[in-house]
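**Q** Contents are compact mmCIF, C-alpha atoms; file name upload_22.txt:
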```txt
# COMPACT_ATOMS: atom_id res chain seq x y z
CA MET A 1 29.36 224.96 191.98
CA GLU A 2 29.09 227.00 195.20
CA ARG A 3 26.04 229.22 195.47
CA VAL A 4 28.13 232.40 195.65
CA ALA A 5 29.94 231.39 192.46
CA GLU A 6 26.58 230.89 190.76
CA ILE A 7 25.52 234.40 191.83
CA LEU A 8 28.82 235.76 190.56
CA ARG A 9 28.36 233.97 187.23
CA ALA A 10 24.84 235.38 186.90
CA LEU A 11 26.12 238.91 187.57
CA LEU A 12 28.92 238.52 185.03
CA GLY A 13 26.44 237.11 182.51
CA ARG A 14 24.25 240.17 183.03
CA ALA A 15 27.23 242.49 182.54
CA LEU A 16 28.24 240.66 179.36
CA SER A 17 24.77 240.71 177.87
CA GLU A 18 24.48 244.45 178.50
CA HIS A 19 27.84 245.30 176.93
CA GLY A 20 27.98 242.87 174.02
CA PRO A 21 31.25 242.08 172.28
CA GLN A 22 33.06 245.16 173.64
CA ALA A 23 32.54 244.18 177.26
CA PRO A 24 35.23 245.84 179.40
CA ALA A 25 37.40 243.96 181.86
CA LEU A 26 36.27 242.93 185.30
CA ALA A 27 37.76 245.46 187.72
CA ASP A 28 36.47 244.43 191.12
CA VAL A 29 34.12 242.29 193.14
CA LEU A 30 32.27 244.15 195.88
CA ILE A 31 30.51 243.04 199.02
CA GLU A 32 28.09 245.44 200.71
CA ARG A 33 27.14 244.85 204.32
CA ALA A 34 23.45 244.69 205.28
CA GLN A 35 21.91 248.12 205.90
CA SER A 36 18.74 248.48 207.99
CA HIS A 37 16.23 246.38 206.03
CA LEU A 38 18.50 245.79 203.03
CA PRO A 39 20.25 242.40 202.82
CA PRO A 40 23.98 242.10 202.06
CA GLN A 41 24.83 242.51 198.38
CA LEU A 42 27.39 241.02 196.06
CA GLY A 43 28.44 243.24 193.18
CA VAL A 44 30.74 243.23 190.20
CA GLN A 45 32.40 246.33 188.79
CA LEU A 46 33.76 246.58 185.25
CA SER A 47 36.59 248.84 184.19
CA ASN A 48 34.13 251.36 182.70
CA GLY A 49 32.47 251.84 186.09
CA TYR A 50 29.45 249.64 185.35
CA ARG A 51 28.15 247.83 188.43
CA ALA A 52 25.64 245.03 188.88
CA TRP A 53 24.35 243.80 192.23
CA ALA A 54 22.55 240.79 193.63
CA PRO A 55 21.44 239.90 197.17
CA LEU A 56 23.75 237.58 199.08
CA SER A 57 23.18 235.68 202.30
CA PRO A 58 25.94 234.34 204.59
CA ALA A 59 24.70 230.80 203.85
CA ASP A 60 25.48 231.37 200.16
CA CYS A 61 29.15 231.92 201.00
CA TYR A 62 29.74 229.13 203.46
CA ALA A 63 30.79 226.39 201.02
CA PHE A 64 33.00 228.83 199.11
CA CYS A 65 34.67 230.07 202.31
CA GLU A 66 35.28 226.52 203.40
CA SER A 67 36.81 225.41 200.10
CA HIS A 68 38.99 228.55 199.81
CA GLY A 69 39.78 228.92 203.50
CA THR A 70 38.65 232.54 203.54
CA TRP A 71 36.95 233.58 206.74
CA ASP A 72 37.03 237.39 206.55
CA LEU A 73 35.51 239.84 204.09
CA ALA A 74 38.79 241.03 202.56
CA SER A 75 40.08 237.56 201.73
CA LEU A 76 36.64 236.43 200.56
CA ARG A 77 36.52 239.41 198.21
CA ALA A 78 40.02 238.68 196.89
CA ALA A 79 39.17 235.01 196.31
CA LEU A 80 35.93 235.95 194.57
CA LEU A 81 37.76 238.45 192.36
CA CYS A 82 40.30 235.79 191.35
CA GLU A 83 37.53 233.26 190.66
CA GLY A 84 35.48 235.92 188.87
CA GLN A 85 38.31 236.89 186.54
CA HIS A 86 38.79 233.29 185.35
CA MET A 87 35.05 232.89 184.99
CA TYR A 88 34.71 236.17 183.13
CA LEU A 89 37.46 235.30 180.65
CA GLU A 90 35.80 231.98 179.84
CA MET A 91 32.40 233.60 179.53
CA ARG A 92 33.72 236.30 177.21
CA GLU A 93 35.24 233.69 174.94
CA ASP A 94 32.03 231.62 174.95
CA HIS A 95 30.06 234.78 174.27
CA ALA A 96 32.32 235.69 171.32
CA VAL A 97 32.02 232.17 169.87
CA PHE A 98 28.26 232.27 170.27
CA ARG A 99 28.02 235.66 168.53
CA ARG A 100 30.23 234.46 165.68
CA SER A 101 28.07 231.38 165.14
CA GLN A 102 24.92 233.51 165.24
CA ARG A 103 26.39 235.91 162.66
CA GLN A 104 27.40 232.98 160.46
CA ARG A 105 23.90 231.49 160.65
CA ARG A 106 22.37 234.84 159.77
CA GLU A 107 24.68 235.26 156.79
CA ASP A 108 23.91 231.73 155.60
CA SER A 109 20.21 232.37 155.79
CA ILE A 110 20.37 235.51 153.64
CA ALA A 111 22.90 234.20 151.16
CA PRO A 112 21.58 233.70 147.60
CA GLY A 113 20.13 230.23 147.32
CA GLY A 114 19.99 229.93 151.11
CA VAL A 115 17.29 227.76 152.60
CA ASP A 116 15.51 230.54 154.47
CA THR A 117 14.52 232.91 151.68
CA SER A 118 12.83 235.98 153.07
CA LEU A 119 9.27 236.93 152.26
CA LEU A 120 10.48 240.13 150.65
CA GLU A 121 12.79 238.25 148.32
CA ARG A 122 9.99 235.90 147.28
CA LEU A 123 7.64 238.83 146.70
CA ARG A 124 10.23 240.61 144.62
CA ARG A 125 10.72 237.55 142.43
CA GLN A 126 6.97 237.12 141.96
CA THR A 127 6.44 240.73 141.01
CA ASP A 128 9.49 240.75 138.73
CA GLY A 129 7.79 237.90 136.94
CA PHE A 130 4.67 240.01 136.48
CA ASP A 131 6.69 242.91 135.13
CA GLU A 132 8.31 240.63 132.57
CA ASP A 133 4.89 239.34 131.53
CA LEU A 134 3.73 242.89 131.00
CA ILE A 135 6.59 244.08 128.82
CA TRP A 136 4.75 243.06 125.66
CA GLN A 137 2.07 245.72 126.13
CA ARG A 138 4.32 248.74 126.69
CA ALA A 139 4.85 251.22 123.95
CA PRO A 140 8.45 251.20 122.67
CA GLY A 141 10.72 253.16 125.02
CA GLU A 142 8.06 253.35 127.73
CA PHE A 143 8.99 252.06 131.18
CA PRO A 144 6.56 252.45 134.06
CA PHE A 145 8.47 254.07 136.93
CA GLY A 146 5.44 253.88 139.21
CA ALA A 147 2.89 251.15 139.43
CA ALA A 148 0.18 253.78 139.54
CA ARG A 149 0.89 254.46 135.88
CA ALA A 150 -1.20 251.59 134.64
CA VAL A 151 -0.69 250.81 130.99
CA GLU A 152 -3.63 251.76 128.85
CA PRO A 153 -5.14 248.76 127.07
CA ARG A 154 -4.55 248.80 123.36
CA ALA A 155 -7.58 248.99 121.18
CA GLU A 156 -6.19 246.45 118.76
CA GLY A 157 -8.54 243.48 118.39
CA GLY A 158 -7.64 240.34 120.34
CA SER A 159 -5.08 241.98 122.60
CA GLU A 160 -7.82 243.72 124.68
CA THR A 161 -8.31 240.78 127.04
CA ARG A 162 -4.59 240.45 127.60
CA SER A 163 -4.33 244.21 128.26
CA GLU A 164 -7.14 243.99 130.77
CA THR A 165 -5.33 241.17 132.58
CA GLY A 166 -2.13 243.19 132.57
CA ARG A 167 -3.90 246.25 133.98
CA ARG A 168 -5.35 244.18 136.80
CA LEU A 169 -1.94 242.73 137.55
CA LEU A 170 -0.44 246.19 137.74
CA GLN A 171 -3.20 247.31 140.07
CA TRP A 172 -2.57 244.27 142.24
CA TRP A 173 1.14 245.06 142.33
CA ALA A 174 0.42 248.69 143.27
CA GLN A 175 -1.75 247.48 146.15
CA ARG A 176 0.90 245.03 147.34
CA ARG A 177 3.52 247.73 147.21
CA GLU A 178 1.37 250.08 149.29
CA GLN A 179 0.81 247.30 151.80
CA LEU A 180 4.55 246.71 152.01
CA VAL A 181 5.25 250.40 152.45
CA GLY A 182 2.57 250.45 155.16
CA SER A 183 4.23 247.54 156.95
CA PHE A 184 7.58 249.28 156.92
CA SER A 185 6.17 252.54 158.23
CA PHE A 186 4.50 250.50 160.99
CA LEU A 187 7.87 248.99 161.84
CA ARG A 188 9.44 252.44 161.94
CA VAL A 189 6.76 253.67 164.35
CA ALA A 190 7.12 250.51 166.46
CA GLY A 191 10.85 251.17 166.59
CA ASP A 192 10.17 254.46 168.37
CA VAL A 193 8.76 252.57 171.31
CA GLY A 194 11.45 252.66 173.93
CA SER A 195 13.56 255.12 171.92
CA LYS A 196 16.41 256.61 173.91
CA ARG A 197 14.58 259.90 174.39
CA ALA A 198 11.40 258.18 175.56
CA GLN A 199 13.38 256.04 177.97
CA GLU A 200 15.11 259.08 179.40
CA ARG A 201 11.80 260.88 179.85
CA GLY A 202 10.35 257.82 181.57
CA LEU A 203 13.30 257.50 183.94
CA LYS A 204 13.21 261.24 184.72
CA LEU A 205 9.54 261.02 185.63
CA LEU A 206 10.25 257.96 187.77
CA ARG A 207 13.14 259.61 189.64
CA GLU A 208 11.05 262.72 190.29
CA ASN A 209 8.43 260.58 191.97
CA LEU A 210 10.57 258.32 194.12
CA THR A 211 11.20 259.09 197.78
CA PRO A 212 14.84 259.95 198.58
CA LEU A 213 15.36 256.46 200.03
CA GLN A 214 13.81 254.78 197.00
CA ARG A 215 15.89 256.95 194.67
CA GLN A 216 19.08 256.07 196.53
CA GLN A 217 18.18 252.37 196.39
CA TYR A 218 17.38 252.55 192.69
CA GLU A 219 20.58 254.41 191.80
CA LYS A 220 22.70 251.99 193.75
CA TYR A 221 21.07 248.62 193.17
CA GLY A 222 18.66 249.05 190.26
CA TYR A 223 15.56 248.38 192.39
CA PHE A 224 13.48 250.09 195.04
CA ASP A 225 11.09 248.92 197.76
CA VAL A 226 7.47 249.92 198.06
CA LEU A 227 4.96 249.35 200.87
CA GLY A 228 1.53 248.13 199.83
CA GLY A 229 -1.09 250.79 200.62
CA ASN A 230 -3.70 248.31 201.86
CA THR A 231 -1.74 245.48 203.47
CA GLY A 232 1.57 247.12 204.34
CA LYS A 233 3.42 244.28 202.59
CA ARG A 234 6.79 245.08 201.09
CA TYR A 235 7.38 244.78 197.37
CA ARG A 236 10.63 245.16 195.50
CA ILE A 237 10.40 246.70 192.03
CA ARG A 238 13.45 245.88 189.96
CA HIS A 239 14.40 247.82 186.83
CA GLY A 240 12.42 246.24 184.01
CA ARG A 241 9.15 246.16 182.16
CA GLN A 242 7.60 242.92 183.36
CA MET A 243 8.14 240.08 185.84
CA ASN A 244 10.10 242.61 187.88
CA ILE A 245 8.20 242.69 191.18
CA ASP A 246 9.03 240.54 194.20
CA GLN A 247 6.98 240.39 197.36
CA LEU A 248 9.27 240.23 200.40
CA ASP A 249 8.67 238.96 203.91
CA LYS A 250 9.62 240.87 207.04
CA ASN A 251 13.16 239.47 206.81
CA GLY A 252 13.56 240.72 203.27
CA ARG A 253 13.27 237.25 201.71
CA ARG A 254 11.34 236.73 198.51
CA VAL A 255 7.87 235.30 199.04
CA CYS A 256 6.67 235.32 195.43
CA GLY A 257 6.77 237.38 192.25
CA TRP A 258 3.99 239.50 190.77
CA CYS A 259 3.62 240.44 187.15
CA PHE A 260 1.49 243.36 185.99
CA PHE A 261 2.07 246.47 183.91
CA PRO A 262 0.06 249.23 182.27
CA GLN A 263 -1.38 248.65 178.84
CA GLY A 264 0.32 250.18 175.81
CA SER A 265 3.95 250.10 174.83
CA LEU A 266 5.34 252.13 177.70
CA VAL A 267 9.00 252.59 178.56
CA ALA A 268 10.57 251.01 181.65
CA GLY A 269 10.53 254.20 183.77
CA ASP A 270 6.80 254.73 183.24
CA ILE A 271 6.03 251.09 183.94
CA MET A 272 7.98 251.08 187.21
CA LEU A 273 6.30 254.32 188.32
CA ALA A 274 2.86 252.91 187.46
CA GLN A 275 3.72 249.75 189.44
CA LYS A 276 4.87 251.79 192.45
CA LEU A 277 1.80 254.05 192.51
CA SER A 278 -0.67 251.25 191.94
CA LEU A 279 0.79 249.20 194.81
CA GLU A 280 0.80 252.23 197.09
CA LEU A 281 -2.64 253.54 196.16
CA TYR A 282 -4.79 250.63 195.05
CA GLU A 283 -2.90 247.51 196.02
CA VAL A 284 -5.84 245.11 196.34
CA GLU A 285 -7.30 245.96 192.92
CA THR A 286 -3.84 245.73 191.39
CA LEU A 287 -3.12 242.28 192.79
CA LEU A 288 -6.48 241.06 191.47
CA VAL A 289 -5.26 241.86 187.97
CA ALA A 290 -1.65 240.73 188.50
CA ASN A 291 -0.30 237.25 187.96
CA ARG A 292 1.55 235.61 190.82
CA TYR A 293 4.57 233.43 190.08
CA MET B 1 0.44 276.38 186.25
CA ALA B 2 -1.11 272.96 186.75
CA VAL B 3 -0.18 270.02 184.59
CA GLN B 4 -1.76 266.78 183.48
CA ILE B 5 0.80 264.10 182.61
CA VAL B 6 -0.33 261.22 180.44
CA MET B 7 1.93 258.16 180.21
CA ASP B 8 2.44 257.05 176.63
CA ARG B 9 4.96 255.47 174.29
CA THR B 10 7.00 258.70 174.07
CA GLY B 11 7.56 258.66 177.83
CA ASP B 12 4.80 261.08 178.70
CA THR B 13 2.74 263.89 177.24
CA ARG B 14 2.19 266.98 179.38
CA HIS B 15 -0.81 269.28 179.19
CA GLU B 16 -0.22 272.48 181.13
CA PHE B 17 -3.08 274.75 182.02
CA ASP B 18 -3.79 277.81 184.11
CA SER B 19 -6.02 276.74 186.97
CA THR B 20 -7.44 280.27 187.28
CA ASP B 21 -8.66 280.25 183.69
CA GLN B 22 -12.19 278.85 183.49
CA LYS B 23 -11.88 277.81 179.86
CA ALA B 24 -8.61 275.96 180.47
CA LEU B 25 -10.14 274.32 183.53
CA GLY B 26 -13.08 273.14 181.45
CA LEU B 27 -10.73 271.59 178.89
CA ALA B 28 -8.67 269.95 181.62
CA GLU B 29 -11.81 268.53 183.21
CA GLU B 30 -12.97 267.19 179.87
CA ARG B 31 -9.56 265.55 179.32
CA PHE B 32 -9.81 264.05 182.79
CA ARG B 33 -13.23 262.58 181.99
CA GLN B 34 -12.13 261.22 178.65
CA LEU B 35 -9.01 259.54 179.98
CA THR B 36 -10.62 258.04 183.08
CA GLY B 37 -13.45 256.89 180.84
CA LYS B 38 -10.89 254.98 178.80
CA GLY B 39 -9.62 253.21 181.91
CA PHE B 40 -6.74 255.48 182.92
CA ARG B 41 -6.20 255.99 186.66
CA ALA B 42 -5.67 259.59 187.74
CA VAL B 43 -3.20 260.15 190.54
CA ALA B 44 -2.47 263.44 192.25
CA LEU B 45 1.30 263.28 192.59
CA GLY B 46 2.67 263.83 196.08
CA ARG B 47 5.68 265.93 196.95
CA ASP B 48 9.16 264.39 197.08
CA GLY B 49 8.07 260.96 195.95
CA GLY B 50 5.15 260.62 198.34
CA SER B 51 2.55 258.23 197.04
CA GLY B 52 0.00 260.96 196.33
CA ARG B 53 -3.69 260.09 196.13
CA LEU B 54 -6.05 258.49 193.71
CA LEU B 55 -8.48 260.90 192.09
CA ARG B 56 -11.99 259.66 191.41
CA LYS B 57 -13.13 263.01 190.06
CA PHE B 58 -11.48 266.12 188.70
CA ASP B 59 -9.90 268.29 191.37
CA ARG B 60 -8.97 271.83 190.30
CA GLU B 61 -6.64 272.25 193.28
CA VAL B 62 -4.26 269.49 192.20
CA GLU B 63 -1.03 270.74 190.67
CA GLN B 64 0.20 267.57 189.01
CA THR B 65 -2.10 264.81 187.85
CA LEU B 66 -0.60 261.66 186.42
CA PHE B 67 -2.70 259.41 184.19
CA ILE B 68 -1.74 255.74 184.31
CA PRO B 69 -3.13 253.39 181.65
CA GLN B 70 -5.23 250.43 182.76
CA LEU B 71 -3.20 247.61 184.28
CA GLN B 72 -2.96 244.10 182.89
CA GLY B 73 -1.46 240.92 184.27
CA GLY B 74 1.67 239.63 182.61
```
Here is a file; write its structure as structure tokens.
**A**
Amino acid sequence: MERVAEILRALLGRALSEHGPQAPALADVLIERAQSHLPPQLGVQLSNGYRAWAPLSPADCYAFCESHGTWDLASLRAALLCEGQHMYLEMREDHAVFRRSQRQRREDSIAPGGVDTSLLERLRRQTDGFDEDLIWQRAPGEFPFGAARAVEPRAEGGSETRSETGRRLLQWWAQRREQLVGSFSFLRVAGDVGSKRAQERGLKLLRENLTPLQRQQYEKYGYFDVLGGNTGKRYRIRHGRQMNIDQLDKNGRRVCGWCFFPQGSLVAGDIMLAQKLSLELYEVETLLVANRY
Amino acid sequence: MAVQIVMDRTGDTRHEFDSTDQKALGLAEERFRQLTGKGFRAVALGRDGGSGRLLRKFDREVEQTLFIPQLQGG
């Protein structure tokens, strides 16, 4: 496949993954000319206005132009749009099939008697078993609604040992239940990481601290360029939380990638701002911590 | 009003204080010490997206201080 078609496929794949099953139709394919230090860009636009961009070099287009006989921008764009629409239709169908199979697998795994029985289900069965074992020591009509209500051992002769065992089992069950509740509240707190509000706050803080040029770049392409404070090297920070920094040479070509981010579960806006400021203010120290790839 | 902005999982937490109030300044300085002691970097934010400057010690003249958690390689 021609390089430009691969780039187009990658862009369409990105658009599909961000929209899921209700992905709108492909409306247009865009080509942006190079501007000052920015390379030419290939973009796709969906019918809801969504746009995704990727850098494009003339060499990427050569084979495509040759095979389609398109030697000017307008005809290249038209040919790419035609190619992109076929590609997008196929990808949407593949994506729908993939999602259906995933849903089916998930349903199979949670179906009664399925192979992959969840931990919760196993726990429930175990503890149900304990409850059944304990029924013998409850007073008639008494049903413990909370595990904290441990059943008092009966004072009748030989049943004391069995009551003691039952009490311990109930205590164990109460502990397990608290642990489970604890795990779920942890999950709820973890779910707040990257909540919509936090993400918006992070992006607002980022936008407030970008230069006008960086802001324009970020709004348009989803990345912005930063000059290293110590070396003057150029870095491109793409929207993301990790593995989102490219070092560029003077011609704007990628030299390598750098991966570093602040500790803690921060949202994307905060992470990109931290990456920008650390490269601008303490680049050498930052690169000592970062991993190059 | 000056403000100290601490990056966290909610986006950020802002602590505003009056830089003419000695008590508020003392609290802000203490917060600065505590956070930098934990490994946060303090940056005096520049205007209009300028890179600002790294603060090694508390500066009462700075309007906006951003605290960035310690960096780690990915």
**Q** Using atom CA of B:Leu25 and atom CA of A:Leu281 as the two end points, give the distance in Å to one decimal.
**A** 25.4 Å
**Q** Any chance you could tabulate, as CSV, the residues of chain A at most 7 Å from chain B with each one's nearest atom pair and distance in Å to one decimal, using only C-alpha atoms, in chain and rising number order?
**A**
```
residue,atom,partner,partner_atom,distance
A:Val193,CA,B:Arg9,CA,5.6
A:Ala198,CA,B:Gly11,CA,4.5
A:Gln199,CA,B:Gly11,CA,6.4
A:Arg201,CA,B:Gly11,CA,5.2
A:Gly202,CA,B:Gly11,CA,4.7
A:Glu208,CA,B:Gly49,CA,6.6
A:Asn209,CA,B:Gly49,CA,4.0
A:Leu210,CA,B:Gly49,CA,4.1
A:Thr211,CA,B:Gly49,CA,4.1
A:Gln242,CA,B:Gly74,CA,6.8
A:Cys259,CA,B:Gly74,CA,5.0
A:Phe260,CA,B:Gly73,CA,4.2
A:Phe261,CA,B:Leu71,CA,5.4
A:Pro262,CA,B:Leu71,CA,4.2
A:Gln263,CA,B:Gln70,CA,5.8
A:Ser265,CA,B:Arg9,CA,5.5
A:Leu266,CA,B:Arg9,CA,4.8
A:Val267,CA,B:Gly11,CA,6.3
A:Asp270,CA,B:Met7,CA,6.7
A:Ala274,CA,B:Ile68,CA,6.3
A:Leu277,CA,B:Ser51,CA,6.2
A:Glu280,CA,B:Ser51,CA,6.3
A:Leu281,CA,B:Leu54,CA,6.5
A:Val289,CA,B:Gly73,CA,5.4
A:Ala290,CA,B:Gly73,CA,4.2
A:Asn291,CA,B:Gly73,CA,5.3
```
**Q** Can you tell me how far atom CA of A:Arg236 sits from atom CA of A:Leu203, in Å to one decimal?
**A** 17.1 Å
**Q** Excluding stretch 40-51 of chain A and its own-chain neighbours fewer than 2 positions away, which residues fall within 6 Å of it when counting all atoms listed in the file? Please give them as a PyMOL selection string.
**A** chain A and resi 24-34+53-56
**Q** Would you pick out the contacts of A:Leu16 at 12 Å or less, using only C-alpha atoms, so that residues sharing its chain but fewer than 4 positions from it are not included, and give the list as number ranges by chain?
**A** A: 9-12, 20-26, 44-46, 50-52, 87-96, 99
**Q** The residues within 8 Å of (2.0, 269.5, 192.1), using all atoms listed in the file and the coordinates of the file, should be reported as a VMD selection string; which are they?
**A** chain B and resid 2 to 3 44 to 47 62 to 65
**Q** Taking only C-alpha atoms into account, which of A:Asp225, A:Arg238, A:Glu83, A:His19 comes nearest A:Gly252?
**A**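 Counting only C-alpha atoms, the residue closest to A:Gly252 is A:Asp225.
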**Q** What does the distance between atom CA of A:Leu248 and atom CA of A:Ile7 come to in Å, to one decimal place?
**A** 19.3 Å
**Q** Using all atoms listed in the file, which of the listed residues (A:Tyr282, A:Tyr293, A:Pro212, A:Gln35) sits closest to B:Leu55?
**A** A:Tyr282
